[in-house]
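**Q** Quick one: this structure, given as structure tokens, is what I'll be asking you about.
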Amino acid sequence: MKLILKTIALILITTGLQAQNIVGEVEYRYKIFYDKIYSSLPHLTQQERDRILLTWGNEEGYSTRMKLQFWPEKSIYTYGAPYVVQSYSWQVEDYIIENNLQDQTYLKFMDQMGKTYIVRDSLNAPKWRVMNEIRDILGHMCMKAVSEDSIKGQKITAWFASDIPVPVGPEELYGLPGLILAYDINDGMLIVEAEKIEFGEPEEIITFPKKLKGKEVTGSEYQELVKDFIQTSVESKRAWMWGLRY
Amino acid sequence: MNLECSLVFVIAFIITSNNLDKMKFLLSFLFLLAFTIATQAQSKLTIRGTVKDTTNAPLDYTSVLLLSPKDSALVAYTLTNKNGEYQFKNVDRQPLLIKATYMGYIPYQKELNLPETTELEVEEIYLTPILQELYEVVVKAAKAPLMMRGDTLEYDASKFKVPPGATLEELLRKLPGMQIDADGNIIAQGEQVQKVTVDGRRFFGGNTKMATQNLNAESVSKLQLYDDKSEQAKLTGVDDGVKEKTLNVELKEEAKKGGFGKISAAGGTDDRWSSNASFNKFDKTNQFSIIGYGNNVNQTGLSWDDLQEFRGSSAFQFGDTGDFGFSSSGGMTIISFGSGEESFEIPFNNLSSGYSNNQAFGINYNYLKDKKDFSSNYFYSRSDQIIESVNARTTFLEDNTSFTSTDQSKQNNVAGHHRVNLRFQNELDSTNTITLTAKGRLSSLTTSLLSLQELIRSSTEQSQMERNNQSDRWSGAFQGTAIFRHKFKKNGRNFAASISNTYSKGDQDGIQKSVVDLVNSTDPNTYFRNLDQVNKALNTSNLFKSSLLFVEPIKKTLFWESFYNFSLSNSETDRKVFDVEASDTPQLNPDLSRFFDNAITYNRIGSSIRYANNGSNLSVGLAASNYNLNGQFSVVEESENLGTVDKNYLNITPNVSYWKSMKGNKRLNAGYSMGVTPPNISDLQPYKDISNPLYIREGNPDLKPEVAHSFNAGYNMYDPATFINFRVSLNSTFYESQVVQNQTIDPETFVTTYKAGNVSGGQRYFSYIGFGFPIVKTKFNAFLNANPSYTKSLTLINSLETETNTFSHNFGINLDLTPLEWFNMYAGTSFRISNTKYEQNPSQNQDIINWSAYTNMNIKLPKNFYLDMKFNYSRYKNESFGFDQEVPILNAFIYKLLGQAKKWEVRLSAYDILNQNQTISQYAGQNFVSTGRIETLARYFLLGVTYNMRGIEVKKRR
């Protein structure tokens with residue numbers, strides 16, 4: 001798989017440069033449905049689930065704007081401008097993910113589980129299954145691919161545009177034969193969907209803070225932390241998604 | 001070939017690459033390539049081919065994927081070059097599926113036949129364009145995913161917008177490639193559809209019209225069109241080549257829909273009983289619920305869970321008051337609906353004292369659709385309560401002496417409340433939102449009181465009074481509020497306006513009788529008096545409020561906020577007291593009767609600058625407020641004016657607030673506010689109010705508003721990984737001018753005269769520290785907390801400035817032990833010592849101790865038996881008052897869930913097994929100490945049955 005990613009990067013750099021659509025910026029709407037997620041927690045009784053949906057049910061979900069900048073050799077992903085300008089400011093957590101397809105490495109700088117982590121490791125794409133379904137997102141024909149996150153218990157349905165042949169995507173997803181323009185977790189608990197694509201060199205390139213302050217861990221160490229965090233949360237009958245990105 | 005390719009790459013690369021990094025990348029790639037070539041095993045495959053469209057033109061830039069046929073797992077992928085050629089190298093030998101996809105074409109896939117050799121030349125792939133209409137209408141316009149199933153295309157019909165109540169026929173008319181002819185037949189791709197199936201089964205014998213005209217379009221999720229074998233072929237198994245165009249309709253799974261309900265009834269010793277029932281039904285747009293309860297075990301409100309379920313989506317509503325601008329503790333405290341009885345809110349979590357018999361019934365309906373949100377409820381509650389209480393109060397006199405009064409009473413309150421709440425919110429468009437609320441309440445309260453009061457001046461001087469009071473009261477209140485919010489085009493610029501009106505009226509009729517029995521007293525006209533009176537009171541008030549708010553973004557992080565508040569409150573009190581002497585005609589008592597009429601006008605205008613960036617928020621503001629108080633007093637309406645109040649107060653109040661959210665769930669806050677509270681209008685009345693002869697109130701027309709400076713600071717943190725949490729806060733208030741009730745106590749008659757006055761120097765400090773941490777993660781948690789407080793209050797008592805200092809220390813420990821799935825235990829203790837020091841009278845210093853401890857235990861026994869035990873121990877102690885009372889309460893519940901789905905429960909409850917329950921209160925004031933005790937429902941047992949449609953909830957955890 002790594003070789004494929006690398007080969008694709010190379011083919012794009014070499015043959016694809018005449019194509020305009022391998023460098024650009026995508027704005028995603030990250031829409032999370034806490035009512036659905038919360039009511040799916042394993043320790044709840046059916047009545048509690050119904051009670052949560054009844055009182056907290058929100059068809060609109062909770063939206064955050066995210067942005068992804070991509071080149072054939074790398075992608076960077078972080079928060080976008082807020083939808084509504086508020087006269088108060090909650091701490092916007094650091095959340096930057098850089099995938100480097102050249103070196104086959106990633107760097108994640110993120111506030112998770114109450115701490116700031118710097119995670120560095122080599123890329124290890126999710127195991128994708130490509131399905132027989134297409135849909136249109138912003139004028140791009142996208143194919144469906146599915147995957148699973150066994151630690152978080154998530155069924156991932158992604159839509160990638162094969163006419164934007166960069167194997168990157170939002171959040172921690174990548175490794176498909178095209179840019180991931182949308183994905184969905186557990187049939188609508190989280191919906192991430194592209195709202196705007198602009199091709200060409202982004203105006204303002206996302207940069208990491210000059211000094212990365214946080215705990216340095218490897219990918220597998222971080223996975224262990226996540227696993228442990230979810231497990232303790234489940235045992236304590238708490239919702240892990242308040243401390244960890246869904 | 002490999003090398004050739006690489007060479008092409010190299011050339012292309014050098015042309016396009018312009019930096020050293022890319023060179024390095026290239027070199028490493030070449031090295032890697034060479035490496036993989038060298039290790040290439042015999043079993044590795046090279047697969048190549050060409051992709052073309054149906055006109056035989058090569059398709060470049062097409063994605064070609066290799067998948068594993070068993071689970072569609074992605075094995076490898078590449079892009080075609082400008083000649084439509086693709087090539088895979090070093091592919092592991094395994095069953096493979098090749099798939100090609102290109103914008104606007106139907107993805108193509110087929111299984112590969114692997115050759116014996118390492119080279120596979122795949123025959124040309126031809127991609128068929130997607131029918132333009134299909135792509136435009138289905139994929140692009142309706143945003144419906146298109147699914148390929150063999151030769152058939154399938155799409156999600158639910159994405160097509162049809163009006164509510166539309167039939168399947170109307171939906172079909174909208175779909176590309178579908179037509180409905182004049183006879184109602186379905187024509188799909190030029191052929192007539194022979195049969196319609198629903199979820200794969202024949203619908204009414206396959207009659208297509210029956211299906212299209214009767215099925216609701218909104219319940220359809222997917223439509224599939226395919227050629228089915230004829231019935232004949234299916235029956236005989238011989239394919240006659242006749243195909244029937246078949247339309248399969250897949251119905252949506254039940255729309256988000258739910259219903260739950262429960263009913264329970266229990267009966268027990270001493271005729272104790274309790275029952276409740278509730279039912280909820282909800283779908284996407286409608287929520288309906290009913291609830292009711294009845295008992296004689298002091299439950300006078302809904303439980304929190306029941307209330308939440310009853311109100312559904314309207315359970316939590318914020319920002320409905322429409323008061324804008326920074327809070328100043330001197331806000332509009334003219335009418336207070338805070339107390340339970342007068343509130344518009346549905347009572348919950350109430351456990352009353354004494355003995356009570358309670359019933360309630362409620363109905364709630366919410367409607368949520370698009371941007372409209374409507375909720376409504378009606379709730380009726382009734383309570384018949386008997387309270388038998390003993391109170392003692394010792395008042396200190398200046399000469400180090402004191403007197404004690406005791407009151408033994410039995411009171412019966414019968415109260416009934418009808419409450420209605422309506423709320424409607426509509427987001428008119430993305431910029432305008434309107435919120436309307438209407439609340440109403442109608443209450444009746446009948447009270448009868450029998451009491452025996454005793455005054456103990458010394459062991460030899462005692463007197464007694466028997467009281468018998470009756471009163472009937474009804475009251476009603478209505479509140480309507482409208483809030484309008486507008487967001488301007490400029491992001492961050494906002495405007496809001498609110499208007500509200502609250503009207504209330506109360507009418508009371510009462511009888512007051514008292515008979516004095518002088519045991520040892522020498523003076524017959526002192527503390528107690530004989531009374532035989534009839535009184536009538538009629539109170540009305542009307543409060544009109546309006547607020548405006550405007551927020552202007554100056555910069556991305558700087559905002560300018562301006563607000564204006566207005567309120568006008570009119571109230572009228574008409575209290576008539578008649579003496580019922582020996583004669584039958586009651587005489588109006590001019591000393592006790594009072595009519596007053598007042599108006600308070602409030603205006604406030606203010607502005608603040610807010611800085612908000614990266615979690616830091618600072619707001620600095622200033623407001624000018626003006627109160628105008630106007631009142632007139634007379635014995636009865638239209639009679640001689642006894643006094644007039646006409647006061648105007650203007651104050652400038654600054655306000656500063658700061659908070660910062662930091663990484664790792666840490667938050668810091670600090671603030672300063674200045675509060676101005678106008679005096680109570682009755683405290684300004686230039687007249688003596690002797691309606692309660694023991695406590696005479698005298699007005700003070702020179703009274704100034706209360707001015708207080710409040711400071712607060714706090715910090716809290718929570719670590720979701722370790723579960724450690726910590727919170728500390730400090731609040732302090734300094735009174736520049738405090739309204740206090742100065743007292744004059746007549747040493748002979750003990751009658752107290754209160755007269756409001758202003759003092760400065762009063763102080764209050766409240767602090768809180770809480771720390772929670774796991775001892776054994778997920779199994780054993782501890783939480784410690786302390787909240788020391790200090791209050792310094794000053795009053796004039798018999799013209800002497802009296803300083804009272806109260807230090808109160810409260811420490812608590814809570815432990816949660818949840819070691820096993822079947823066993824949980826919670827234990828804790830709290831200790832409060834309240835130390836009151838009288839600066840001028842140290843010998844009367846009081847130490848009041850409230851100590852409590854609890855343990856709760858939940859055990860799951862085999863065979864669906866559960867045991868819950870709750871033990872609460874409280875001790876109330878005041879040594880100098882000679883008071884020491886312990887109240888240990890032990891409750892135990894054993895229950896069993898029945899049935900497969902655990903919908904039934906049988907429960908045996910034992911309340912207050914030790915038979916010790918009573919309600920105790922203790923208080924030390926500026927020149928008095930009091931204790932009270934209420935006889936409260938003690939030991940009883942209940943045996944009950946519950947049925948819950950959703951299965952019984954076992955509350956194992958807190």
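We name chains A, B, ... following the order of the structure tokens; residues begin at 1 in each chain, and ligands are numbered from 1 as shown.
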With a distance threshold of 6 Å and counting only C-alpha atoms, extract the residues of chain A near chain B and express them as a list in words.
**A**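 Every residue meeting the condition is included here: Thr14, Gln47, Arg51, Leu54, Thr55, Val85, Gln86, Tyr88, Ser89, Trp90, Gln91, Met113, Gly114, Lys115, Trp128, Arg129, Val130, Asn132, Glu133, Ile134, Arg135, Asp136, Met141, Ser236 and Gly243 of chain A.
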**Q** I'd like to know which residues of segment 796-914 of chain B are strand (DSSP E) (by DSSP, run on the backbone); could you write them as a PyMOL selection string?
**A** chain B and resi 796-797+800-820+823-838+846-861+865-878+883-898+904-911
**Q** Give me every alpha helix (DSSP H) residue in segment 52-204 of chain A, going by DSSP on the backbone, as a list in words.
**A**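 Alpha helix (DSSP H) assignments inside segment 52-204 of chain A correspond to Ile52, Leu53, Leu54, Thr55 and Trp56 of chain A.
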**Q** Between atom CA of Gly643 of chain B and atom CA of Gly506 of chain B, what distance in Å does the model show, to one decimal?
**A**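 Atom-to-atom, atom CA of Gly643 of chain B to atom CA of Gly506 of chain B, that is 24.3 Å.
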**Q** Quick one: residues within 6 Å of Lys144 of chain A, only C-alpha atoms counted, chain neighbours fewer than 3 positions away excluded, as a PyMOL selection string?
**A** chain A and resi 131+133+158-159
**Q** Find the distance between atom CA of Leu445 of chain B and atom CA of Gly416 of chain B and write it in Å to one decimal.
**A**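 We find that atom CA of Leu445 of chain B and atom CA of Gly416 of chain B lie 6.6 Å from each other.
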**Q** Ranking A:Ile52, A:Ile97, A:Val226, A:Ile137 by minimum distance to Glu172 of chain A and counting only C-alpha atoms, which one comes first?
**A**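 Distance minimum relative to Glu172 of chain A lands on A:Ile97.
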**Q** When you count only C-alpha atoms, which of these residues is closest to Leu817 of chain B: B:Asp53, B:Lys902, B:Phe344, B:Asn858?
**A**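 Nearest to Leu817 of chain B: B:Asn858.
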**Q** Please identify all polymer residues within 6 Å of Leu123 of chain A, counting only C-alpha atoms, omitting same-chain residues fewer than 5 positions from it, and present them as a count of residues only.
**A** 3
**Q** Can you tell me how far atom CA of Tyr183 of chain A sits from atom CA of Leu225 of chain B, in Å to one decimal?
**A**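 That distance, rounded to one decimal, is 27.7 Å.
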